[in-house]
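Peer 1: Here it is, the structure, as structure tokens.
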Amino acid sequence: MTENPTATAVAPAAVPLRRNRRFQTLWAGSAAAMLGTCVADTAYPLLLLAMTGSPTLAGAFGAVQFGASVLFGLHGGAVADRHDRRRVLILADTVRLLTALSVALALLTHRLTVPHTLLAAAAIGATMAYSGPTRMLALRTVVPPEQLRQALSQDELRVNGAALAGPPLAGFLLGLGRAVPFLATVLASAAALGASIAVRFDTEPAGPTGAADGKEKGAVFAGLRHIFGDPTLRATVLVAVALNLAGSAMLLTVMVLLRDHGTSEAGTGLALTGEAVGGLLGAPLVTRLHRALAPGALLLAVAWSAPLLLGVLAVAEGPFAVFGMLLVMSLGIPALRVMVDVLVFQQVPEAMRGRAMAATMTLLMAGLPVGTMTAGLLLDRLPATTVLLLLAALLAAGLLPLTLGRSLRGTGWPTS
């Protein structure tokens, strides 16, 4: 069945976004899934640390989860382009639910093992690879084009709100009992699954023509090729990857910097929440920034703020100063993320949109462990202040050719 764009746009256009039941239900399910994931990202390493006393095994959870997301990322986009998207979403939410339930039951019966937790990490990472692009395509079918940017801005509240609430909630629940945070993730996964089942939306791929069927040789890379073949998309995604890489390296470096200044673990945790708070405050600014700036100007403005603020971070002292710098640095990130989504939605053909989204998510995801590993290697040899200044210099050097070049000049927002 071919999607009918007219029917898709007209149905929800009659009501404001806040009264669009299908969108708000999907959004609530996505928010529950994201909160459950953020709780798990903190609870699993703390549990492994308590079980084994090994920081290496505690860190292995995140490494396996990220690895699975990157490994299955491009295939997740191909699946979204070829198969019934609602079924894919329901299956991914079901796997996440069963994974959380298996861990909770194993803890309650005192049978949880390290291999079990690492298998859970792989399952969570894989489901993220498949559900991520599928949820975004589902959102597009329940929101008319004129409300897309507003919907994506609300989605930023979900991401940053979960990032802010997840870690402290995980710590609190873990204090109530080892199984409690995992029982909470079961409930969160159940809420996400319920939303996926409750909301009906246009689920069929665009149609089996050429790249649309995704069965030709190299089809899984079609989205990646399209992104790198478009100058604006290529520049946007590469800058976003660079910012992600620098951001993950910055967070580890800031932790070391605060430790060297004698900041307590609680103070460090407070300082790092500045990133999520900045994202929350930046979400309502998305529409204003998009109206004020063309894509190229917005990209460069947000990107150049990063090396400047990294330089300021190098001389900042105390958790409150770091909190403020991270907050300011994160204000423009929601506008940049929504910009990427809007460009993909409106400049990539429907037939390969899932693969383009998956390629973008995979590239961004891959930057996180690379940035952290790079920072760790540098911090073994250089002071934290020097590493921050080096990151600022490298990022500025990478942005300079884009700033002086012509690929971003004159770019405008897509009109369709």
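Just so we're on the same page: first chain in the structure tokens is A, next is B, and so on; residues restart at 1 for each chain, and ligands are numbered from 1 in the order they show up.
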Fewer than 2 positions away in the same chain doesn't count, so skip those; otherwise give me all residues within 10 Å of A:Leu343, counting only C-alpha atoms, as an mmCIF file with N, CA and C atoms, in the first residue's frame.

Peer 2:
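So part01.cif came out as:
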```
data_model
loop_
_atom_site.group_PDB
_atom_site.id
_atom_site.type_symbol
_atom_site.label_atom_id
_atom_site.label_comp_id
_atom_site.auth_asym_id
_atom_site.auth_seq_id
_atom_site.Cartn_x
_atom_site.Cartn_y
_atom_site.Cartn_z
ATOM 1 N N THR A 232 24.741 20.299 1.513
ATOM 2 C CA THR A 232 24.230 20.833 2.776
ATOM 3 C C THR A 232 24.094 19.741 3.822
ATOM 4 N N LEU A 233 23.515 18.599 3.428
ATOM 5 C CA LEU A 233 23.370 17.494 4.370
ATOM 6 C C LEU A 233 24.730 16.976 4.811
ATOM 7 N N THR A 236 26.269 19.423 7.262
ATOM 8 C CA THR A 236 25.513 19.432 8.512
ATOM 9 C C THR A 236 25.819 18.205 9.355
ATOM 10 N N PRO A 295 19.859 27.580 7.345
ATOM 11 C CA PRO A 295 20.553 26.394 7.850
ATOM 12 C C PRO A 295 22.066 26.551 7.973
ATOM 13 N N VAL A 338 17.153 19.421 15.437
ATOM 14 C CA VAL A 338 15.905 19.531 14.686
ATOM 15 C C VAL A 338 16.200 19.916 13.234
ATOM 16 N N MET A 339 17.192 20.753 13.028
ATOM 17 C CA MET A 339 17.584 21.126 11.670
ATOM 18 C C MET A 339 17.991 19.893 10.860
ATOM 19 N N VAL A 340 18.775 19.010 11.458
ATOM 20 C CA VAL A 340 19.178 17.778 10.771
ATOM 21 C C VAL A 340 17.946 16.963 10.398
ATOM 22 N N ASP A 341 17.030 16.795 11.354
ATOM 23 C CA ASP A 341 15.823 16.006 11.101
ATOM 24 C C ASP A 341 14.966 16.623 10.001
ATOM 25 N N PHE A 345 13.995 14.867 6.542
ATOM 26 C CA PHE A 345 12.593 14.653 6.203
ATOM 27 C C PHE A 345 12.223 15.291 4.866
ATOM 28 N N GLN A 346 12.755 16.476 4.587
ATOM 29 C CA GLN A 346 12.287 17.245 3.442
ATOM 30 C C GLN A 346 13.196 17.185 2.226
ATOM 31 N N GLN A 347 14.412 16.658 2.356
ATOM 32 C CA GLN A 347 15.315 16.601 1.214
ATOM 33 C C GLN A 347 15.675 15.181 0.791
ATOM 34 N N VAL A 348 15.319 14.198 1.608
ATOM 35 C CA VAL A 348 15.608 12.805 1.256
ATOM 36 C C VAL A 348 14.323 12.150 0.766
ATOM 37 N N TRP A 413 15.917 27.044 3.930
ATOM 38 C CA TRP A 413 15.078 25.954 4.420
ATOM 39 C C TRP A 413 14.261 25.369 3.280
ATOM 40 N N PRO A 414 14.139 24.047 3.228
ATOM 41 C CA PRO A 414 13.306 23.424 2.180
ATOM 42 C C PRO A 414 11.871 23.915 2.293
#
```

Peer 1: Given the choices A:Val286, A:Ala359, A:Met250, A:Leu173, which gets closest to A:Ile227 if the distance is worked out from only C-alpha atoms?

Peer 2: A:Ala359

Peer 1: Quote the spacing between atom CA of A:Gly262 and atom CA of A:Leu327 in Å to one decimal place.

Peer 2: 21.6 Å

Peer 1: Pick out the residues sitting within 12 Å of A:Leu238, and hand them over as an MDAnalysis selection string; count only C-alpha atoms, and ignore anything fewer than 4 positions along from it in its own chain.

Peer 2: chainID A and resid 224 227:228 230:234 242:245 299:300 303 340 359:361 363:364 367 395 398:399 402

Peer 1: Tell me, in Å to one decimal, how far atom CA of A:Thr253 is from atom CA of A:Ala384.

Peer 2: 5.7 Å

Peer 1: Among stretch 192-392 of chain A, which residues carry a DSSP assignment of alpha helix (DSSP H), reported as number ranges by chain?

Peer 2: A: 192-198, 222-229, 231-260, 265-272, 274-282, 286-292, 295-315, 319-330, 333-347, 353-379, 384-392

Peer 1: With only C-alpha atoms as the basis for distance, which of A:Val344, A:Val199, A:Leu391, A:Val237 is at the shortest distance from A:Ala28?

Peer 2: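 Closest residue, counting only C-alpha atoms: A:Val199.
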
Peer 1: For A:Leu270, which residue out of A:Gly311, A:Pro167, A:Gly296, A:Gly229 is the nearest one, using only C-alpha atoms?

Peer 2: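 Going through A:Gly311, A:Pro167, A:Gly296, A:Gly229 one by one, the smallest distance to A:Leu270 is for A:Pro167.
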
Peer 1: Could you tell me how far atom CA of A:Met325 lies from atom CA of A:Leu310, in Å and to one decimal?

Peer 2: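 Computing the Euclidean distance for atom CA of A:Met325 and atom CA of A:Leu310 yields 8.4 Å.
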
Peer 1: Skip stretch 54-66 of chain A itself and residues of its chain fewer than 6 positions away, then list as a count of residues only all residues within 9 Å of it, counting only C-alpha atoms.

Peer 2: 21
